[in-house]
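Q: Provided herewith is a single structure, encoded as structure tokens, for subsequent inquiry.
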There are 6 protein chains.
Amino acid sequence: MKTIVVRNFERADGSVVKRLGALGTSTVHEAYGRFGLMKPYLRPAWAGGEAAGTAVTVLAHPGDNWMIHVAVEQCRPGDILVVGCSAANTDGMFGDLLATSLMARGVKGLIIDAGARDAKALREMGFPVWSKAISAKGTVKAALGAVNVPVVCAGVNVIPGDAVIADDDGVVVVRPKDAAEVVAKGEKRYADEEGKRKQLAAGVLGLDMYNMREALKKAGLVYVDEPESD
Amino acid sequence: MKTIVVRNFERADGSVVKRLGALGTSTVHEAYGRFGLMKPYLRPAWAGGEAAGTAVTVLAHPGDNWMIHVAVEQCRPGDILVVGCSAANTDGMFGDLLATSLMARGVKGLIIDAGARDAKALREMGFPVWSKAISAKGTVKAALGAVNVPVVCAGVNVIPGDAVIADDDGVVVVRPKDAAEVVAKGEKRYADEEGKRKQLAAGVLGLDMYNMREALKKAGLVYVDEPESD
Amino acid sequence: MKTIVVRNFERADGSVVKRLGALGTSTVHEAYGRFGLMKPYLRPAWAGGEAAGTAVTVLAHPGDNWMIHVAVEQCRPGDILVVGCSAANTDGMFGDLLATSLMARGVKGLIIDAGARDAKALREMGFPVWSKAISAKGTVKAALGAVNVPVVCAGVNVIPGDAVIADDDGVVVVRPKDAAEVVAKGEKRYADEEGKRKQLAAGVLGLDMYNMREALKKAGLVYVDEPESD
Amino acid sequence: MKTIVVRNFERADGSVVKRLGALGTSTVHEAYGRFGLMKPYLRPAWAGGEAAGTAVTVLAHPGDNWMIHVAVEQCRPGDILVVGCSAANTDGMFGDLLATSLMARGVKGLIIDAGARDAKALREMGFPVWSKAISAKGTVKAALGAVNVPVVCAGVNVIPGDAVIADDDGVVVVRPKDAAEVVAKGEKRYADEEGKRKQLAAGVLGLDMYNMREALKKAGLVYVDEPESD
Amino acid sequence: MKTIVVRNFERADGSVVKRLGALGTSTVHEAYGRFGLMKPYLRPAWAGGEAAGTAVTVLAHPGDNWMIHVAVEQCRPGDILVVGCSAANTDGMFGDLLATSLMARGVKGLIIDAGARDAKALREMGFPVWSKAISAKGTVKAALGAVNVPVVCAGVNVIPGDAVIADDDGVVVVRPKDAAEVVAKGEKRYADEEGKRKQLAAGVLGLDMYNMREALKKAGLVYVDEPESD
Amino acid sequence: MKTIVVRNFERADGSVVKRLGALGTSTVHEAYGRFGLMKPYLRPAWAGGEAAGTAVTVLAHPGDNWMIHVAVEQCRPGDILVVGCSAANTDGMFGDLLATSLMARGVKGLIIDAGARDAKALREMGFPVWSKAISAKGTVKAALGAVNVPVVCAGVNVIPGDAVIADDDGVVVVRPKDAAEVVAKGEKRYADEEGKRKQLAAGVLGLDMYNMREALKKAGLVYVDEPESD
């Protein structure tokens with residue numbers, strides 16, 4: 001493991017990332033074959049925050065945010081900072097000063113497999129953060145990690161330049177080479193859902209709309225009129 | 001374990017359920033002898049949601065929401081859908097399409113011992129959900145479970161037709177045969193609390209209002225003027 | 001372990017406590033050498049609540065809130081009630097009636113290493129609570145504990161009279177004898193942060209503002225232009 | 001919820017229970033349609049313990065083992081004591097004295113959705129226990145619960161008289177009316193496994209033994225000779 | 001919080017500590033009024049290990065074991081090293097080299113509110129360790145903490161010189177000034193238990209031996225002959 | 001995400017893997033710059049198991065072990081099977097039949113980010129398994145995943161052919177291109193430790209052996225003779 005900062009890498013196409021963001025994590029994750037989703041222990045610091053961007057990655061040690069400071073310089077407008085940690089940690093490795101710095105560079109949000117702090121200020125600034133914990137616990141600046149190498153964050157391997165979509169339902173990561181296909185499938189799925197939503201609101205049953213009755217019968221489902229005695 | 005759908009069963013009386021709902025989970029749970037409360041890991045998808053209804057139950061396998069689709073058809077106005085799972089799971093087995101369908105049928109809310117998704121849409125629709133996690137993780141429709149059999153949900157055995165009361169403090173379940181007695185005890189308790197609240201707000205101590213001083217003394221409580229050295 | 005209530009003890013200076021509260025938990029915790037912070041599993045019952053006060057402490061047994069009732073009488077305006085528990089517990093040991101009583105006595109908030117209930121009422125009353133869980137689970141009044149002895153709460157040993165600062169980022173505890181020094185350091189830190197915030201917002205990099213480049217180079221950080229093959 | 005002790009109930013047939021025990025939890029659970037398994041947080045107090053018996057049930061409050069003492073009298077040779085708890089708890093509600101008493105009555109083991117203690121003595125006595133935690137934390141004898149009513153234990157609703165099978169892989173519960181069918185299916189499965197084990201040990205692939213290749217192809221599995229670039 | 005090493009302090013009497021150790025954690029904890037027990041997430045690195053000694057304490061930062069090295073010098077024969085951590089951590093802060101050093105100084109064991117490593121070697125050396133996790137994760141030696149100041153470890157405030165008793169059931173801490181009284185009560189309890197164990201083994205019921213029947217009846221317990229319908 | 005099976009890939013050199021195995025996870029992890037370690041929630045199914053081999057990887061869906069059956073065919077003597085899961089899961093996806101099959105092919109062990117079952121049989125067969133849980137919960141064979149693509153397992157991205165070292169302290173993964181350097185550093189470290197162990201056993205302090213006194217003094221550590229009053 002080299003302690004390096006990688007300056008250049010391919011980023012997912014900005015317009016595709018924007019369209020993925022419009023779909024939201026649930027649709028993107030489905031369109032991606034149900035892969036790429038971070039573990040649900042990652043939660044938004046404030047409800048309603050949404051972000052879509054390209055990953056700048058940080059590999060940090062627990063309780064040490066030195067590499068986050070290094071990473072800021074590598075960020076461009078439209079990026080999202082993704083921080084993995086070499087061991088489980090909930091310390092508040094990110095707060096309002098770093099958020100101010102990232103906003104000044106046009107960064108869309110932060111995903112961190114550790115803790116964040118200054119929750120109130122982040123909410124008031126409107127800077128969206130997804131983290132494992134909120135904690136005032138401060139950090140040191142002592143150990144080198146790396147910037148823009150692949151990092152595992154909340155169970156997903158993130159490669160610099162990946163498309164990252166985050167909202168109230170979680171965080172999903174899409175490889176640049178797959179992004180166009182996922183957007184196409186996702187937009188089709190999304191369009192289909194509008195029609196379905198209307199039917200369901202009108203009282204049509206999913207059982208009929210999705211033609212499930214035959215398959216259920218074949219699988220052995222039986223309707224009975226009364227509860228069995230236990 | 002039969003893979004069945006039970007069509008008919010006795011539901012708790014609607015007017016009693018409404019009165020239980022007005023009392024809230026804390027009062028109902030106390031009036032029920034401190035039983036019937038689901039584990040506190042079940043949390044509302046949005047703060048302030050409240051629901052009271054009669055249980056339609058689903059036994060599902062992890063990551064598989066086929067049986068929820070089946071259950072929708074069995075729901076009537078005033079019901080609450082309660083989903084148990086055959087193993088621990090946090091996948092997003094329920095989202096805004098199913099919520100739309102349930103609202104169209106007059107269902108009051110969803111309780112699920114697994115994950116839910118589309119958190120933002122659920123909040124905007126005002127459909128209350130209590131779940132173990134929020135997760136975009138999608139599901140399959142592959143394995144049969146059952147509808148309207150007894151299911152364990154967050155530590156409580158729920159029988160179809162049970163009264164289910166849910167709010168910010170959790171979810172409590174009352175058997176139909178016990179509901180009238182619980183409502184009576186709960187309303188008495190509630191009425192008593194109003195008077196107590198006024199006294200306490202006026203500065204009366206609970207120690208005096210509840211006549212605790214004698215019992216505390218008898219149990220051995222001692223008042224001292226200064227801290228002991230450790 | 002004696003089952004006692006201590007009536008008198010030294011409280012941290014009220015004006016110093018107020019100044020600590022204005023700094024917030026993150027700054028106070030840093031100024032205190034990164035000690036004194038409770039575990040981050042303690043969460044506010046409602047977002048945005050803030051409290052600063054002097055500790056009145058309770059040692060309770062799980063599922064038993066008798067000692068909290070006893071403690072109310074020992075509270076003075078400006079206090080914060082801190083409840084430790086002799087074993088892990090999430091029962092709702094504190095609710096709106098006790099909150100009403102504490103507010104009537106000028107108490108600033110509650111910190112409890114167990115559960116609280118009546119979450120909605122607490123939010124509406126504006127009484128701030130930090131707890132391990134929200135749960136409707138009721139309690140008994142059966143076992144003696146102690147009031148105003150040192151108690152461990154969420155990993156911190158709290159001594160009656162300690163300054164307690166709580167906000168969205170957590171809860172931090174400062175010994176009275178250290179409070180003046182912490183306030184001085186914290187206010188200096190806070191003032192410095194204002195200037196830093198402005199620089200960062202203007203696009204200055206933390207790398208330059210904090211003069212990190214030399215130390216990073218010395219520690220062995222290397223900048224490369226392209227990703228390595230894995 | 002009545003605070004009662006039920007004296008008589010139907011127990012699962014002893015010889016069937018013995019045959020279920022010989023199959024082990026994995027086989028029984030499979031033969032039961034993958035239902036009836038307690039949550040895996042329940043762990044044996046010592047590795048290698050095994051028990052099969054009929055359920056005597058206890059509903060207890062956290063940190064209170066009074067009802068366990070009451071339940072001992074209701075146990076017969078061949079029973080297993082199953083303890084559910086009205087709220088999450090890890091206190092050591094069961095130890096070597098109670099184990100001595102149960103062994104004297106021919107009880108086969110204990111399943112408890114809370115903590116146990118005297119782990120070393122239990123291991124030396126050879127009395128098998130499955131619990132959520134090992135903890136020296138003592139209990140009171142203060143609140144009534146019930147004996148031989150249905151109780152939820154680690155996510156499963158247990159009815160007095162149910163067959164309970166426990167080993168290193170967990171705890172599974174079978175209703176008496178289903179036990180004969182489960183034993184028949186399980187013994188067939190077990191016999192089949194012996195032949196499969198021999199084939200697999202001889203190097204036959206499961207892919208061939210289970211005829212999976214066709215289904216995998218149909219589902220879309222593709223074999224490639226080289227890794228794709230990421 | 002000063003970063004100091006305290007050289008001298010009062011230790012609990014060695015012969016009393018030995019007698020406490022002979023009683024075991026469950027009995028000591030009961031005799032101490034059910035206080036002083038560490039949280040049950042602390043587990044022995046190997047089953048069967050037992051230790052009784054006087055506390056030398058360490059306050060460390062997560063992932064940093066510098067202070068443990070400092071503390072070794074302060075240990076005397078009969079001590080137990082107790083390590084608290086300023087934030088939640090599972091890194092392997094202690095391994096076989098440190099164990100070798102402690103054994104050379106006559107130290108009886110290690111209690112750490114973080115991770116340990118070299119589990120196999122510790123087992124083979126017979127050096128008992130209680131920790132929150134086993135993890136190979138290495139540590140740095142970068143940040144100062146303190147030695148022989150009060151530290152919170154797994155929920156208990158430990159003061160240098162305290163008696164520490166640890167076995168398969170957990171870890172309990174007794175203040176030196178209370179130790180003689182606890183030993184006396186504990187030995188009485190222990191002697192009583194021997195007689196009770198014999199009676200129970202002979203088939204006497206706890207209900208009769210403890211004279212519980214009257215109290216149960218008074219509390220409202222009812223015996224019924226048949227299960228109620230649900 | 002393609003549902004593919006990759007047949008050929010570069011494996012880490014067998015003799016280097018063997019030498020890494022002889023060093024153990026703690027030393028390898030240190031020599032690798034403290035990276036590559038899986039999360040400590042992965043635990044051995046039986047104490048004392050050790051394995052070193054080259055990774056064959058499986059990406060599976062929760063509760064579905066179809067892809068494990070597919071992967072067996074791709075295993076060669078000296079491999080270790082590493083199973084990642086698309087969502088959190090504790091079901092028993094691996095048992096004694098699969099272990100029999102893997103042993104017949106010379107596979108050294110299994111690492112699974114989910115549950116395993118047949119714990120007793122695995123121990124008796126001597127087949128080492130590291131898993132997140134032990135659970136009898138059975139699985140289906142319904143959904144395609146992939147074999148020999150990069151998978152995230154317990155927080156580490158594993159690439160087919162990686163060296164995998166596992167023992168009581170956890171699981172560490174080393175890239176083939178880094179393996180020779182890690183082995184060299186690790187063996188040097190190991191040799192150094194032997195000498196240190198002897199010195200420490202003879203009573204030399206780590207403070208002196210590692211020359212820490214100067215650095216501690218410089219960092220501000222102060223020795224005092226008596227405890228401060230709190």
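Please note that chains go A, B, ... in the order of the structure tokens, that every chain numbers its residues from 1, and that ligands are numbered from 1 in the order shown.
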Return as CSV the residues of chain C lying at most 10 Å from chain E, together with the closest atom-to-atom pair for each and the distance in Å to one decimal, counting only C-alpha atoms, with rows in chain order and ascending residue number.

A:
```
residue,atom,partner,partner_atom,distance
C:Met1,CA,E:Gly33,CA,6.7
C:Lys2,CA,E:Gly33,CA,8.7
C:Thr3,CA,E:Gly33,CA,9.5
C:Tyr32,CA,E:Met1,CA,6.7
C:Gly33,CA,E:Met1,CA,6.6
C:Arg34,CA,E:Ser86,CA,7.8
C:Phe35,CA,E:Ser86,CA,6.3
C:Gly36,CA,E:Ser86,CA,8.0
C:Leu37,CA,E:Ser86,CA,7.8
C:Met38,CA,E:Ala87,CA,8.4
C:Lys39,CA,E:Ala87,CA,6.9
C:Pro40,CA,E:Ala88,CA,8.8
C:His61,CA,E:Arg34,CA,9.4
C:Gly84,CA,E:Gly155,CA,9.4
C:Cys85,CA,E:Gly155,CA,9.3
C:Ser86,CA,E:Phe35,CA,6.4
C:Ala87,CA,E:Lys39,CA,7.0
C:Ala88,CA,E:Lys39,CA,7.3
C:Gly145,CA,E:Phe35,CA,9.8
C:Pro150,CA,E:Asn157,CA,8.8
C:Val151,CA,E:Asn157,CA,8.0
C:Val152,CA,E:Gly155,CA,6.2
C:Cys153,CA,E:Gly155,CA,7.5
C:Ala154,CA,E:Gly155,CA,7.2
C:Gly155,CA,E:Gly155,CA,5.4
C:Val156,CA,E:Val152,CA,6.3
C:Asn157,CA,E:Asn157,CA,6.2
C:Val158,CA,E:Asn157,CA,9.6
C:Val174,CA,E:Met1,CA,9.3
C:Arg175,CA,E:Met1,CA,9.1
C:Asp178,CA,E:Met1,CA,8.0
```

Q: I'd like the neighbourhood of region 23-31 of chain D as a PyMOL selection string, where a residue qualifies if any of its atoms comes within 8 Å (using only C-alpha atoms), though same-chain residues fewer than 4 positions away should be ignored.

A: (chain D and resi 19+35-37+165-167+169-172+182-183+185-187+189-190) or (chain F and resi 117-118+136-138)

Q: Can you pull out every residue within 12 Å of Glu194 (chain E), counting only C-alpha atoms, but drop anything in the same chain fewer than 5 positions away, and send it as a ChimeraX atom specification?

A: /D:96-97,100 /E:187-189,199-201

Q: Using only C-alpha atoms, which residues sit within 6 Å of Asp91 (chain E) once same-chain residues fewer than 5 positions away are excluded, as a ChimeraX atom specification?

A: /E:63,115,135,137

Q: With all heavy atoms retained, export the selected residues as an mmCIF file, in the first residue's frame.

A:
```cif
data_model
loop_
_atom_site.group_PDB
_atom_site.id
_atom_site.type_symbol
_atom_site.label_atom_id
_atom_site.label_comp_id
_atom_site.auth_asym_id
_atom_site.auth_seq_id
_atom_site.Cartn_x
_atom_site.Cartn_y
_atom_site.Cartn_z
ATOM 1 N N GLY E 63 -6.490 3.270 18.935
ATOM 2 C CA GLY E 63 -5.458 2.904 17.976
ATOM 3 C C GLY E 63 -4.067 3.359 18.362
ATOM 4 O O GLY E 63 -3.168 3.407 17.531
ATOM 5 N N GLY E 115 -9.465 -3.524 21.447
ATOM 6 C CA GLY E 115 -9.125 -4.865 20.974
ATOM 7 C C GLY E 115 -7.797 -5.372 21.502
ATOM 8 O O GLY E 115 -6.965 -4.614 21.996
ATOM 9 N N SER E 135 -8.487 -8.452 17.333
ATOM 10 C CA SER E 135 -8.210 -7.870 16.022
ATOM 11 C C SER E 135 -6.711 -7.727 15.815
ATOM 12 O O SER E 135 -5.993 -7.260 16.692
ATOM 13 C CB SER E 135 -8.871 -6.484 15.907
ATOM 14 O OG SER E 135 -8.388 -5.813 14.761
ATOM 15 N N LYS E 137 -5.394 -5.625 13.988
ATOM 16 C CA LYS E 137 -5.128 -4.221 13.648
ATOM 17 C C LYS E 137 -4.068 -3.599 14.549
ATOM 18 O O LYS E 137 -4.253 -3.493 15.763
ATOM 19 C CB LYS E 137 -6.432 -3.421 13.777
ATOM 20 C CG LYS E 137 -6.312 -1.933 13.394
ATOM 21 C CD LYS E 137 -6.271 -1.751 11.884
ATOM 22 C CE LYS E 137 -6.382 -0.317 11.422
ATOM 23 N NZ LYS E 137 -5.120 0.410 11.341
#
```

Q: May I have all residues of region 19-141 of chain E that DSSP, computed from the backbone, assigns to strand (DSSP E or B), given as a PyMOL selection string?

A: chain E and resi 37+43-44+51-60+64+79-85+92+109-116+129-134+140
